[in-house]
file run_13.txt (compact mmCIF, C-alpha atoms and all ligand atoms)
# COMPACT_ATOMS: atom_id res chain seq x y z
CA MET A 1 24.74 -10.69 13.22
CA ALA A 2 25.74 -8.30 16.02
CA GLU A 3 27.55 -5.18 14.87
CA GLU A 4 28.16 -6.50 11.37
CA VAL A 5 28.28 -3.81 8.67
CA VAL A 6 26.64 -4.91 5.42
CA ASP A 7 26.32 -3.15 2.09
CA VAL A 8 22.53 -3.27 1.76
CA VAL A 9 19.77 -3.94 4.23
CA ILE A 10 16.27 -4.28 2.79
CA VAL A 11 13.31 -3.94 5.12
CA GLY A 12 10.13 -5.52 3.82
CA SER A 13 9.27 -8.71 1.96
CA GLY A 14 6.59 -7.74 -0.52
CA PRO A 15 7.21 -7.43 -4.27
CA ALA A 16 9.30 -4.24 -3.79
CA GLY A 17 11.62 -5.70 -1.12
CA LEU A 18 12.05 -9.06 -2.84
CA THR A 19 12.72 -7.53 -6.25
CA ALA A 20 15.29 -5.22 -4.65
CA ALA A 21 16.82 -8.34 -3.07
CA ILE A 22 16.99 -10.17 -6.40
CA TYR A 23 18.74 -7.25 -8.08
CA ALA A 24 21.05 -6.52 -5.14
CA SER A 25 22.03 -10.20 -4.95
CA ARG A 26 22.84 -10.31 -8.63
CA ALA A 27 24.98 -7.20 -8.13
CA ASN A 28 26.97 -9.16 -5.49
CA LEU A 29 25.90 -6.81 -2.72
CA ASN A 30 25.02 -9.72 -0.38
CA PRO A 31 21.81 -8.08 0.86
CA VAL A 32 20.21 -8.84 4.18
CA LEU A 33 16.42 -8.72 4.01
CA TYR A 34 14.30 -8.32 7.13
CA GLU A 35 11.07 -9.99 6.12
CA GLY A 36 9.15 -9.18 9.28
CA PHE A 37 7.40 -11.48 11.65
CA GLN A 38 4.26 -9.89 13.04
CA SER A 39 4.19 -6.17 12.45
CA GLY A 40 2.81 -4.62 9.23
CA GLY A 41 0.96 -7.76 8.19
CA MET A 42 2.41 -11.14 7.30
CA PRO A 43 5.79 -11.60 5.56
CA GLY A 44 5.21 -11.38 1.82
CA GLY A 45 3.00 -8.32 2.05
CA GLN A 46 -0.51 -7.64 0.88
CA LEU A 47 -0.47 -10.31 -1.85
CA MET A 48 -0.36 -12.96 0.87
CA THR A 49 -3.97 -12.14 1.67
CA THR A 50 -5.14 -11.76 -1.93
CA GLY A 51 -6.61 -14.57 -3.98
CA LYS A 52 -5.61 -15.08 -7.57
CA VAL A 53 -3.44 -12.40 -9.18
CA GLU A 54 -4.40 -12.04 -12.82
CA ASN A 55 -2.53 -8.87 -13.75
CA PHE A 56 1.08 -9.77 -12.96
CA PRO A 57 2.69 -10.32 -16.36
CA GLY A 58 4.11 -13.74 -17.12
CA PHE A 59 1.28 -15.87 -15.75
CA PRO A 60 -1.31 -16.35 -18.52
CA GLU A 61 -3.65 -18.26 -16.21
CA GLY A 62 -3.04 -15.95 -13.25
CA ILE A 63 -1.17 -16.99 -10.12
CA ASP A 64 -2.14 -17.37 -6.49
CA GLY A 65 -0.87 -14.35 -4.51
CA GLN A 66 0.90 -16.50 -1.92
CA MET A 67 2.51 -18.60 -4.64
CA LEU A 68 3.79 -15.49 -6.41
CA MET A 69 5.41 -14.25 -3.21
CA THR A 70 6.82 -17.68 -2.35
CA ASN A 71 8.39 -17.81 -5.82
CA MET A 72 9.90 -14.33 -5.46
CA ARG A 73 11.31 -15.23 -2.04
CA GLU A 74 12.84 -18.46 -3.37
CA GLN A 75 14.40 -16.56 -6.24
CA ALA A 76 15.94 -14.02 -3.87
CA VAL A 77 17.30 -16.76 -1.60
CA ARG A 78 18.69 -18.77 -4.50
CA LEU A 79 20.56 -15.71 -5.70
CA GLY A 80 22.11 -15.16 -2.27
CA THR A 81 19.84 -12.91 -0.19
CA ARG A 82 20.10 -13.55 3.54
CA MET A 83 16.58 -13.59 5.01
CA VAL A 84 15.97 -12.59 8.62
CA MET A 85 12.51 -13.37 9.95
CA GLU A 86 12.33 -10.62 12.50
CA ASP A 87 10.47 -7.39 12.95
CA VAL A 88 12.58 -4.28 12.61
CA GLU A 89 11.82 -1.86 15.43
CA GLU A 90 13.84 1.04 14.18
CA VAL A 91 16.08 2.07 11.31
CA LYS A 92 18.36 4.80 12.56
CA VAL A 93 19.11 6.97 9.55
CA GLY A 94 20.55 9.91 11.48
CA ALA A 95 24.13 8.62 11.41
CA TRP A 96 26.10 6.52 8.90
CA PRO A 97 26.47 3.55 8.68
CA PHE A 98 22.75 3.20 9.36
CA ARG A 99 21.69 1.03 12.29
CA ILE A 100 18.93 -1.57 12.16
CA ILE A 101 17.35 -2.38 15.53
CA THR A 102 15.21 -5.51 15.65
CA THR A 103 12.96 -7.12 18.21
CA SER A 104 15.69 -9.58 19.19
CA GLU A 105 17.81 -6.59 20.14
CA GLU A 106 20.46 -7.76 17.74
CA CYS A 107 21.67 -5.05 15.48
CA CYS A 108 23.38 -4.72 12.23
CA GLU A 109 24.75 -1.73 10.45
CA ALA A 110 24.30 -0.98 6.77
CA ARG A 111 25.99 1.28 4.26
CA SER A 112 22.70 1.58 2.39
CA VAL A 113 19.11 0.77 3.28
CA ILE A 114 16.07 0.08 1.13
CA ILE A 115 12.77 0.69 2.91
CA ALA A 116 10.05 -1.45 1.36
CA THR A 117 7.65 -1.81 4.26
CA GLY A 118 4.50 -1.21 2.21
CA ALA A 119 1.25 0.30 3.29
CA THR A 120 -1.63 -1.19 5.13
CA ALA A 121 -5.10 -0.81 3.68
CA ASN A 122 -7.37 0.67 6.32
CA ARG A 123 -10.14 -1.70 7.31
CA LEU A 124 -13.47 -1.41 9.04
CA PRO A 125 -13.18 -2.58 12.64
CA LEU A 126 -16.00 -5.13 12.54
CA ASP A 127 -15.85 -8.79 13.61
CA SER A 128 -18.01 -9.78 10.64
CA GLU A 129 -15.55 -8.03 8.32
CA GLN A 130 -12.68 -10.13 9.64
CA ARG A 131 -14.70 -13.33 9.38
CA LEU A 132 -15.57 -12.74 5.70
CA TRP A 133 -12.21 -11.23 4.70
CA GLY A 134 -11.11 -12.93 1.45
CA LYS A 135 -14.58 -14.47 1.19
CA GLY A 136 -16.15 -11.61 -0.70
CA VAL A 137 -14.65 -8.81 1.38
CA SER A 138 -11.49 -7.25 -0.01
CA ALA A 139 -9.54 -4.00 -0.07
CA CYS A 140 -8.46 -4.21 -3.69
CA ALA A 141 -10.91 -4.25 -6.58
CA VAL A 142 -8.07 -4.16 -9.11
CA CYS A 143 -6.59 -7.33 -7.58
CA ASP A 144 -9.78 -9.29 -6.93
CA GLY A 145 -12.61 -7.70 -8.90
CA ALA A 146 -12.30 -9.86 -12.00
CA LEU A 147 -12.71 -13.14 -10.12
CA PRO A 148 -15.55 -15.31 -11.47
CA VAL A 149 -17.49 -15.14 -8.17
CA PHE A 150 -18.12 -11.45 -8.75
CA ARG A 151 -19.25 -11.72 -12.38
CA ASN A 152 -22.73 -10.33 -13.04
CA ARG A 153 -23.45 -9.96 -9.35
CA PRO A 154 -24.20 -6.83 -7.31
CA LEU A 155 -21.05 -5.47 -5.66
CA ALA A 156 -20.28 -2.65 -3.23
CA VAL A 157 -17.43 -0.23 -2.71
CA ILE A 158 -17.10 1.47 0.66
CA GLY A 159 -15.61 4.97 0.69
CA GLY A 160 -15.99 8.25 -1.17
CA GLY A 161 -12.46 9.14 -2.28
CA ASP A 162 -10.70 8.83 -5.63
CA SER A 163 -9.80 5.20 -4.90
CA ALA A 164 -13.42 4.33 -4.18
CA VAL A 165 -14.57 5.85 -7.48
CA GLU A 166 -11.72 4.20 -9.36
CA GLU A 167 -12.59 0.83 -7.84
CA ALA A 168 -16.30 1.28 -8.51
CA VAL A 169 -15.70 2.18 -12.16
CA HIS A 170 -13.30 -0.76 -12.51
CA LEU A 171 -15.92 -3.09 -11.06
CA THR A 172 -18.56 -2.00 -13.57
CA GLN A 173 -16.80 -4.28 -16.07
CA PHE A 174 -17.68 -7.29 -13.96
CA GLY A 175 -20.60 -6.69 -11.60
CA SER A 176 -24.25 -6.32 -12.54
CA LYS A 177 -24.56 -3.21 -10.34
CA ILE A 178 -22.11 -1.33 -8.14
CA TYR A 179 -23.19 0.38 -4.93
CA MET A 180 -20.91 3.06 -3.53
CA ILE A 181 -21.47 3.34 0.18
CA HIS A 182 -20.34 6.68 1.53
CA ARG A 183 -20.69 8.06 5.02
CA ARG A 184 -21.38 11.65 3.93
CA ASP A 185 -23.60 13.44 1.42
CA GLU A 186 -20.67 14.56 -0.71
CA LEU A 187 -17.81 12.57 -2.25
CA ARG A 188 -14.23 13.37 -1.30
CA ALA A 189 -13.04 12.36 -4.78
CA SER A 190 -11.89 14.95 -7.31
CA LYS A 191 -14.64 16.58 -9.41
CA ILE A 192 -13.80 14.62 -12.54
CA MET A 193 -13.94 11.34 -10.64
CA GLN A 194 -17.19 12.35 -8.92
CA LYS A 195 -18.75 12.97 -12.32
CA ARG A 196 -17.63 9.55 -13.48
CA ALA A 197 -19.32 7.84 -10.54
CA ILE A 198 -22.48 9.91 -10.53
CA GLU A 199 -23.08 9.58 -14.26
CA HIS A 200 -22.24 5.90 -14.60
CA PRO A 201 -25.42 3.91 -15.29
CA LYS A 202 -24.21 0.91 -13.29
CA ILE A 203 -23.15 2.86 -10.17
CA GLU A 204 -25.59 3.82 -7.44
CA ILE A 205 -24.29 5.96 -4.59
CA LEU A 206 -25.85 5.29 -1.21
CA TRP A 207 -25.28 8.56 0.66
CA ASN A 208 -24.87 8.96 4.41
CA LYS A 209 -24.56 5.22 4.93
CA ILE A 210 -22.15 3.15 6.95
CA VAL A 211 -21.78 -0.62 7.09
CA ASP A 212 -22.92 -2.03 10.40
CA GLU A 213 -22.40 -5.70 9.53
CA PHE A 214 -21.17 -7.99 6.76
CA LEU A 215 -23.62 -10.89 6.48
CA GLY A 216 -23.14 -14.40 5.07
CA ASP A 217 -22.19 -17.93 6.16
CA GLU A 218 -19.42 -19.19 3.89
CA ARG A 219 -19.18 -16.03 1.78
CA LEU A 220 -20.47 -12.48 1.84
CA GLU A 221 -24.14 -12.32 0.87
CA MET A 222 -25.52 -9.06 2.27
CA LEU A 223 -24.54 -5.80 3.91
CA ARG A 224 -26.44 -4.30 6.80
CA LEU A 225 -26.30 -0.55 6.45
CA ARG A 226 -27.22 2.35 8.71
CA ASP A 227 -28.16 5.84 7.67
CA VAL A 228 -26.02 8.16 9.79
CA GLN A 229 -28.60 10.95 9.66
CA THR A 230 -31.81 9.07 10.37
CA GLY A 231 -30.39 6.01 12.13
CA GLU A 232 -32.53 3.86 9.83
CA GLY A 233 -31.21 0.36 9.01
CA SER A 234 -31.35 -1.39 5.65
CA GLU A 235 -29.90 -4.45 3.92
CA ILE A 236 -28.56 -4.87 0.41
CA GLU A 237 -27.59 -8.06 -1.39
CA VAL A 238 -23.98 -8.09 -2.63
CA ALA A 239 -21.51 -10.80 -3.62
CA GLY A 240 -18.49 -8.59 -2.96
CA ALA A 241 -17.60 -5.55 -0.88
CA PHE A 242 -14.41 -3.60 -1.53
CA GLU A 243 -13.16 -1.25 1.15
CA ALA A 244 -11.49 1.88 -0.21
CA ILE A 245 -11.17 3.88 2.97
CA GLY A 246 -7.55 4.90 2.62
CA HIS A 247 -4.13 3.35 3.27
CA THR A 248 -1.58 3.93 5.99
CA PRO A 249 2.08 3.68 4.89
CA ASN A 250 4.20 1.63 7.28
CA THR A 251 6.80 4.20 8.33
CA SER A 252 6.79 3.97 12.13
CA ILE A 253 10.24 2.27 12.17
CA LEU A 254 11.79 5.46 10.81
CA LYS A 255 10.75 7.53 13.84
CA GLY A 256 10.44 10.58 11.62
CA GLY A 257 13.97 10.22 10.21
CA LEU A 258 12.93 10.65 6.56
CA GLU A 259 10.88 13.36 4.91
CA THR A 260 7.38 12.28 4.04
CA THR A 261 4.51 13.67 2.01
CA GLU A 262 1.53 15.29 3.73
CA MET A 263 -0.16 11.91 3.64
CA GLY A 264 2.76 10.21 5.40
CA TYR A 265 4.30 8.43 2.40
CA ILE A 266 8.12 8.54 2.19
CA LEU A 267 9.10 11.36 -0.11
CA THR A 268 11.30 10.22 -3.01
CA GLN A 269 12.92 12.26 -5.72
CA PRO A 270 11.14 12.27 -9.11
CA PHE A 271 11.89 9.14 -11.20
CA SER A 272 14.05 7.84 -8.36
CA THR A 273 13.79 5.96 -5.08
CA ALA A 274 16.25 8.31 -3.33
CA THR A 275 14.87 9.70 -0.07
CA SER A 276 15.83 12.79 1.91
CA VAL A 277 18.80 10.87 3.40
CA PRO A 278 21.55 9.87 0.94
CA GLY A 279 22.02 6.10 0.97
CA VAL A 280 18.45 5.41 2.06
CA PHE A 281 16.04 4.39 -0.70
CA ALA A 282 12.33 3.70 -0.59
CA ALA A 283 10.41 1.36 -2.88
CA GLY A 284 6.86 0.11 -3.24
CA ASP A 285 3.72 1.22 -1.49
CA VAL A 286 5.53 2.98 1.36
CA GLN A 287 6.35 5.71 -1.16
CA ASP A 288 3.52 5.26 -3.65
CA SER A 289 0.07 6.59 -2.89
CA LYS A 290 -1.02 6.40 -6.50
CA TYR A 291 -0.48 3.08 -8.25
CA ARG A 292 -0.09 0.55 -5.40
CA GLN A 293 0.27 -2.45 -7.71
CA ALA A 294 2.53 -5.46 -7.28
CA ILE A 295 4.16 -4.78 -10.62
CA THR A 296 4.87 -1.10 -9.89
CA ALA A 297 6.21 -2.06 -6.45
CA ALA A 298 8.50 -4.64 -8.07
CA GLY A 299 9.66 -2.04 -10.59
CA SER A 300 10.56 0.45 -7.90
CA GLY A 301 12.35 -2.33 -5.95
CA CYS A 302 14.52 -2.88 -8.98
CA MET A 303 15.22 0.86 -9.18
CA ALA A 304 16.12 1.02 -5.48
CA ALA A 305 18.65 -1.82 -5.78
CA MET A 306 20.28 -0.26 -8.83
CA GLU A 307 20.41 3.14 -7.15
CA ALA A 308 21.88 1.62 -3.98
CA GLU A 309 24.52 -0.18 -6.06
CA LYS A 310 25.48 3.07 -7.78
CA TRP A 311 25.52 4.98 -4.49
CA LEU A 312 27.81 2.36 -2.89
CA ALA A 313 30.12 2.36 -5.90
CA GLU A 314 30.53 6.12 -5.59
CA LEU A 315 31.39 6.08 -1.86
CA PRO A 316 34.85 7.45 -1.19
P1 LIG A 401 -8.97 9.16 0.77
O1 LIG A 401 -8.97 10.29 -0.20
O2 LIG A 401 -8.43 9.37 2.13
O3 LIG A 401 -10.51 8.72 0.89
C1 LIG A 401 -10.91 7.79 1.83
C2 LIG A 401 -12.44 7.72 1.80
O4 LIG A 401 -12.82 6.72 2.72
C3 LIG A 401 -13.12 9.02 2.20
O5 LIG A 401 -14.25 9.25 1.40
C4 LIG A 401 -13.51 8.76 3.65
O6 LIG A 401 -14.71 9.40 4.02
C5 LIG A 401 -13.75 7.28 3.64
N1 LIG A 401 -13.49 6.68 4.93
C6 LIG A 401 -12.37 6.77 5.68
N2 LIG A 401 -12.50 6.07 6.81
C7 LIG A 401 -13.75 5.54 6.78
C8 LIG A 401 -14.49 4.72 7.67
N3 LIG A 401 -13.97 4.30 8.83
N4 LIG A 401 -15.74 4.38 7.34
C9 LIG A 401 -16.30 4.80 6.16
N5 LIG A 401 -15.65 5.56 5.26
C10 LIG A 401 -14.40 5.93 5.59
O7 LIG A 401 -8.24 7.87 0.22
P2 LIG A 401 -8.07 7.36 -1.29
O8 LIG A 401 -9.33 7.44 -2.03
O9 LIG A 401 -7.39 6.04 -1.18
O10 LIG A 401 -7.06 8.40 -1.93
C11 LIG A 401 -5.80 8.62 -1.35
C12 LIG A 401 -5.04 9.65 -2.18
O11 LIG A 401 -4.67 9.08 -3.44
C13 LIG A 401 -5.88 10.88 -2.47
O12 LIG A 401 -5.04 12.01 -2.47
C14 LIG A 401 -6.38 10.63 -3.86
O13 LIG A 401 -6.65 11.83 -4.58
C15 LIG A 401 -5.22 9.85 -4.48
N6 LIG A 401 -5.73 8.98 -5.53
C16 LIG A 401 -5.87 9.51 -6.79
C17 LIG A 401 -6.38 8.75 -7.82
C18 LIG A 401 -6.55 9.34 -9.17
O14 LIG A 401 -6.32 10.51 -9.33
N7 LIG A 401 -6.93 8.57 -10.16
C19 LIG A 401 -6.78 7.43 -7.58
C20 LIG A 401 -6.64 6.91 -6.29
C21 LIG A 401 -6.13 7.71 -5.28
P3 LIG A 401 -14.76 11.00 4.19
O15 LIG A 401 -14.79 11.55 2.80
O16 LIG A 401 -16.00 11.21 4.97
O17 LIG A 401 -13.52 11.37 4.94
call {"tool": "encode", "arguments": {"input": "run_13.txt", "output": "structure tokens"}}
result
Amino acid sequence: MAEEVVDVVIVGSGPAGLTAAIYASRANLNPVLYEGFQSGGMPGGQLMTTGKVENFPGFPEGIDGQMLMTNMREQAVRLGTRMVMEDVEEVKVGAWPFRIITTSEECCEARSVIIATGATANRLPLDSEQRLWGKGVSACAVCDGALPVFRNRPLAVIGGGDSAVEEAVHLTQFGSKIYMIHRRDELRASKIMQKRAIEHPKIEILWNKIVDEFLGDERLEMLRLRDVQTGEGSEIEVAGAFEAIGHTPNTSILKGGLETTEMGYILTQPFSTATSVPGVFAAGDVQDSKYRQAITAAGSGCMAAMEAEKWLAELP
């Protein structure tokens, strides 16, 4: 593909990137989609490591996360998207056409680019966390919380921000009791969210605690906690633990070429996926610190493709 100039390059293969690909293909833009290889998690995005997805419309019985992404990929390919299984090292947005540099050192140039590289949920750096990931340990209560294994069982949320409170409140519909495990004696969440957590009869906040170990053979059964002030250890029984300790948007390939928010998310114009560089669009979690759902990512992917199509049509 050396030195080829294409109309649209899409970087990222989660719901945002693949939906952008489906729309761009149907608009005869012959998109090239870099689906990644190793960096930023596995191709297909965060749903590849989620269990059953019950809130994506159109699947009354729910659908396995991997299956959903496989279906979206097949749809994009059938409609004409060219998939490249390589990691993009850099998207040079400082000059037009934009240049895409990949690990194979091949390059292509693009008249428009859609960045859909997602965000990575921050995770606790513990071996036991990795071992029980997907077996009771998750980073998304909205995605996984309603699974039968968590029904009427004690559950835990780790973190003290707005996401942690939101996840804890969401989980009260399913769990028998929700522990919030926070490393300080004050929540970071907004006052209104704090009130919601503190006053909820099913939520108990364990202050000044960190998780030392996730315990269980086949699935998560207990958490070993440590009080950061006294050093005292304790154990609590939980069937699920949901980490809500922040996300990191995957923007390193831009090398600072696009404006971002204070939190590092790509800044887009209101009700649009247009970024600070004309012809470069951003969709999905890389520009969304608020909703972070597969369906909202897919929606913004659709917007990005339609905006790219319009932008290309208006080129002199
Ligand atoms: P956040 O505000 O950065 O909070 C992350 C939380 O995780 C903090 O309480 C932090 O503790 C804790 N944490 C971080 N690293 C940790 C570690 N290694 N071990 C233990 N705890 C750790 O992230 P967020 O809650 O995802 O929110 C992100 C942004 O989205 C915020 O601006 C938030 O207001 C917004 N948001 C808003 C809503 C809403 O309005 N409904 C919902 C979700 C998110 P410390 O407090 O000690 O730093």
call {"tool": "residues_near_ligand", "arguments": {"input": "run_13.txt", "ligand": "ligand LIG 401 (chain A)", "cutoff": "10 Å", "atoms": "all atoms listed in the file", "output": "VMD selection string"}}
result
chain A and resid 121 to 125 157 to 167 181 to 190 192 to 193 208 to 211 243 to 248 262 to 263 288 to 292
call {"tool": "residues_around", "arguments": {"input": "run_13.txt", "residues": "region 295-306 of chain A", "least_positions_apart": "5", "cutoff": "9 Å", "atoms": "all atoms listed in the file", "output": "JSON, numbers by chain"}}
result
{"A": [8, 14, 15, 16, 17, 18, 19, 20, 21, 22, 23, 24, 27, 55, 56, 57, 114, 116, 118, 272, 273, 274, 281, 282, 283, 284, 285, 288, 311]}
call {"tool": "atom_distance", "arguments": {"input": "run_13.txt", "atom1": "CA of Asn250 (chain A)", "atom2": "CA of Ile115 (chain A)"}}
result
9.7 Å
call {"tool": "atom_distance", "arguments": {"input": "run_13.txt", "atom1": "CA of Ser276 (chain A)", "atom2": "CA of Ile10 (chain A)"}}
result
17.1 Å
call {"tool": "closest_residue", "arguments": {"input": "run_13.txt", "among": "A:Glu314, A:Glu213, A:Glu129, A:Asp7", "to": "Trp96 (chain A)", "atoms": "all atoms listed in the file"}}
result
A:Asp7
call {"tool": "residues_near_point", "arguments": {"input": "run_13.txt", "point": "(-22.7, -10.1, -2.0)", "cutoff": "8 Å", "atoms": "all atoms listed in the file", "output": "count of residues only"}}
result
15
call {"tool": "atom_distance", "arguments": {"input": "run_13.txt", "atom1": "CA of Gln287 (chain A)", "atom2": "CA of Pro249 (chain A)"}}
result
7.7 Å
call {"tool": "closest_atom_pairs", "arguments": {"input": "run_13.txt", "of": "region 17-75 of chain A", "to": "region 139-150 of chain A", "cutoff": "12 Å", "atoms": "all atoms listed in the file", "output": "JSON lines"}}
result
{"residue": "A:Gln46", "atom": "CA", "partner": "A:Ala139", "partner_atom": "CA", "distance": 9.8}
{"residue": "A:Leu47", "atom": "CA", "partner": "A:Cys143", "partner_atom": "CA", "distance": 8.9}
{"residue": "A:Met48", "atom": "CA", "partner": "A:Cys143", "partner_atom": "CA", "distance": 11.9}
{"residue": "A:Thr49", "atom": "CA", "partner": "A:Ala139", "partner_atom": "CA", "distance": 10.0}
{"residue": "A:Thr50", "atom": "CA", "partner": "A:Asp144", "partner_atom": "CA", "distance": 7.3}
{"residue": "A:Gly51", "atom": "CA", "partner": "A:Asp144", "partner_atom": "CA", "distance": 6.8}
{"residue": "A:Lys52", "atom": "CA", "partner": "A:Asp144", "partner_atom": "CA", "distance": 7.2}
{"residue": "A:Val53", "atom": "CA", "partner": "A:Cys143", "partner_atom": "CA", "distance": 6.2}
{"residue": "A:Glu54", "atom": "CA", "partner": "A:Cys143", "partner_atom": "CA", "distance": 7.4}
{"residue": "A:Asn55", "atom": "CA", "partner": "A:Cys143", "partner_atom": "CA", "distance": 7.5}
{"residue": "A:Phe56", "atom": "CA", "partner": "A:Cys143", "partner_atom": "CA", "distance": 9.7}
{"residue": "A:Gly62", "atom": "CA", "partner": "A:Leu147", "partner_atom": "CA", "distance": 10.5}
{"residue": "A:Ile63", "atom": "CA", "partner": "A:Cys143", "partner_atom": "CA", "distance": 11.4}
{"residue": "A:Asp64", "atom": "CA", "partner": "A:Cys143", "partner_atom": "CA", "distance": 11.0}
{"residue": "A:Gly65", "atom": "CA", "partner": "A:Cys143", "partner_atom": "CA", "distance": 9.6}
call {"tool": "closest_residue", "arguments": {"input": "run_13.txt", "among": "A:Lys135, A:Lys195, A:Arg26, A:Lys92", "to": "Leu258 (chain A)", "atoms": "all atoms listed in the file"}}
result
A:Lys92
call {"tool": "residues_around", "arguments": {"input": "run_13.txt", "residues": "Met85 (chain A)", "least_positions_apart": "5", "cutoff": "12 Å", "atoms": "only C-alpha atoms", "output": "PyMOL selection string"}}
result
chain A and resi 11-13+32-39+42-44+102-104
call {"tool": "closest_residue", "arguments": {"input": "run_13.txt", "among": "A:Leu254, A:Ala294, A:Ile266, A:Leu171", "to": "Glu90 (chain A)", "atoms": "all atoms listed in the file"}}
result
A:Leu254
call {"tool": "residues_around", "arguments": {"input": "run_13.txt", "residues": "Val277 (chain A)", "least_positions_apart": "6", "cutoff": "10 Å", "atoms": "only C-alpha atoms", "output": "list of chain:residue names"}}
result
A:Val93, A:Gly94, A:Ala95, A:Gly257, A:Leu258, A:Glu259, A:Thr268
call {"tool": "residues_around", "arguments": {"input": "run_13.txt", "residues": "Val91 (chain A)", "least_positions_apart": "3", "cutoff": "8 Å", "atoms": "only C-alpha atoms", "output": "list in words"}}
result
Val88, Phe98, Arg99, Ile100, Ile101, Ile253 and Leu254 of chain A
call {"tool": "closest_residue", "arguments": {"input": "run_13.txt", "among": "A:Thr260, A:Gln194, A:Gln66, A:Asn152", "to": "Phe174 (chain A)", "atoms": "all atoms listed in the file"}}
result
A:Asn152
call {"tool": "decode", "arguments": {"input": "run_13.txt", "residues": "region 205-210 of chain A", "atoms": "all heavy atoms", "output": "CSV table (one decimal), in the first residue's frame"}}
result
chain,number,residue,atom,x,y,z
A,205,ILE,N,-19.6,2.2,52.0
A,205,ILE,CA,-18.3,2.6,51.6
A,205,ILE,C,-17.2,2.2,52.5
A,205,ILE,O,-17.3,2.5,53.8
A,205,ILE,CB,-18.3,4.2,51.4
A,205,ILE,CG1,-19.4,4.6,50.5
A,205,ILE,CG2,-16.9,4.7,50.8
A,205,ILE,CD1,-19.6,6.1,50.3
A,206,LEU,N,-16.2,1.5,52.0
A,206,LEU,CA,-15.1,1.2,52.9
A,206,LEU,C,-14.0,2.2,52.6
A,206,LEU,O,-13.3,2.1,51.5
A,206,LEU,CB,-14.6,-0.3,52.5
A,206,LEU,CG,-15.7,-1.4,52.6
A,206,LEU,CD1,-15.2,-2.7,52.3
A,206,LEU,CD2,-16.3,-1.4,54.0
A,207,TRP,N,-13.8,3.1,53.6
A,207,TRP,CA,-12.8,4.2,53.4
A,207,TRP,C,-11.4,3.8,53.6
A,207,TRP,O,-11.1,2.8,54.4
A,207,TRP,CB,-13.2,5.3,54.4
A,207,TRP,CG,-14.6,5.8,54.3
A,207,TRP,CD1,-15.6,5.5,55.1
A,207,TRP,CD2,-15.1,6.7,53.3
A,207,TRP,NE1,-16.7,6.2,54.7
A,207,TRP,CE2,-16.5,6.9,53.6
A,207,TRP,CE3,-14.6,7.4,52.2
A,207,TRP,CZ2,-17.3,7.8,52.8
A,207,TRP,CZ3,-15.4,8.2,51.4
A,207,TRP,CH2,-16.7,8.4,51.8
A,208,ASN,N,-10.5,4.5,52.9
A,208,ASN,CA,-9.0,4.3,53.1
A,208,ASN,C,-8.6,2.8,52.9
A,208,ASN,O,-7.7,2.3,53.6
A,208,ASN,CB,-8.6,4.7,54.6
A,208,ASN,CG,-9.0,6.1,54.8
A,208,ASN,OD1,-8.6,7.0,54.1
A,208,ASN,ND2,-9.6,6.4,56.0
A,209,LYS,N,-9.3,2.2,51.9
A,209,LYS,CA,-8.9,0.8,51.7
A,209,LYS,C,-8.4,0.6,50.3
A,209,LYS,O,-8.9,1.2,49.3
A,209,LYS,CB,-10.1,-0.1,51.9
A,209,LYS,CG,-10.8,-0.1,53.2
A,209,LYS,CD,-10.0,-0.9,54.2
A,209,LYS,CE,-10.8,-1.0,55.5
A,209,LYS,NZ,-10.9,0.3,56.2
A,210,ILE,N,-7.4,-0.3,50.1
A,210,ILE,CA,-7.0,-0.7,48.8
A,210,ILE,C,-7.1,-2.2,48.7
A,210,ILE,O,-7.1,-2.9,49.7
A,210,ILE,CB,-5.6,-0.2,48.4
A,210,ILE,CG1,-4.6,-0.7,49.5
A,210,ILE,CG2,-5.5,1.3,48.3
A,210,ILE,CD1,-3.1,-0.5,49.0
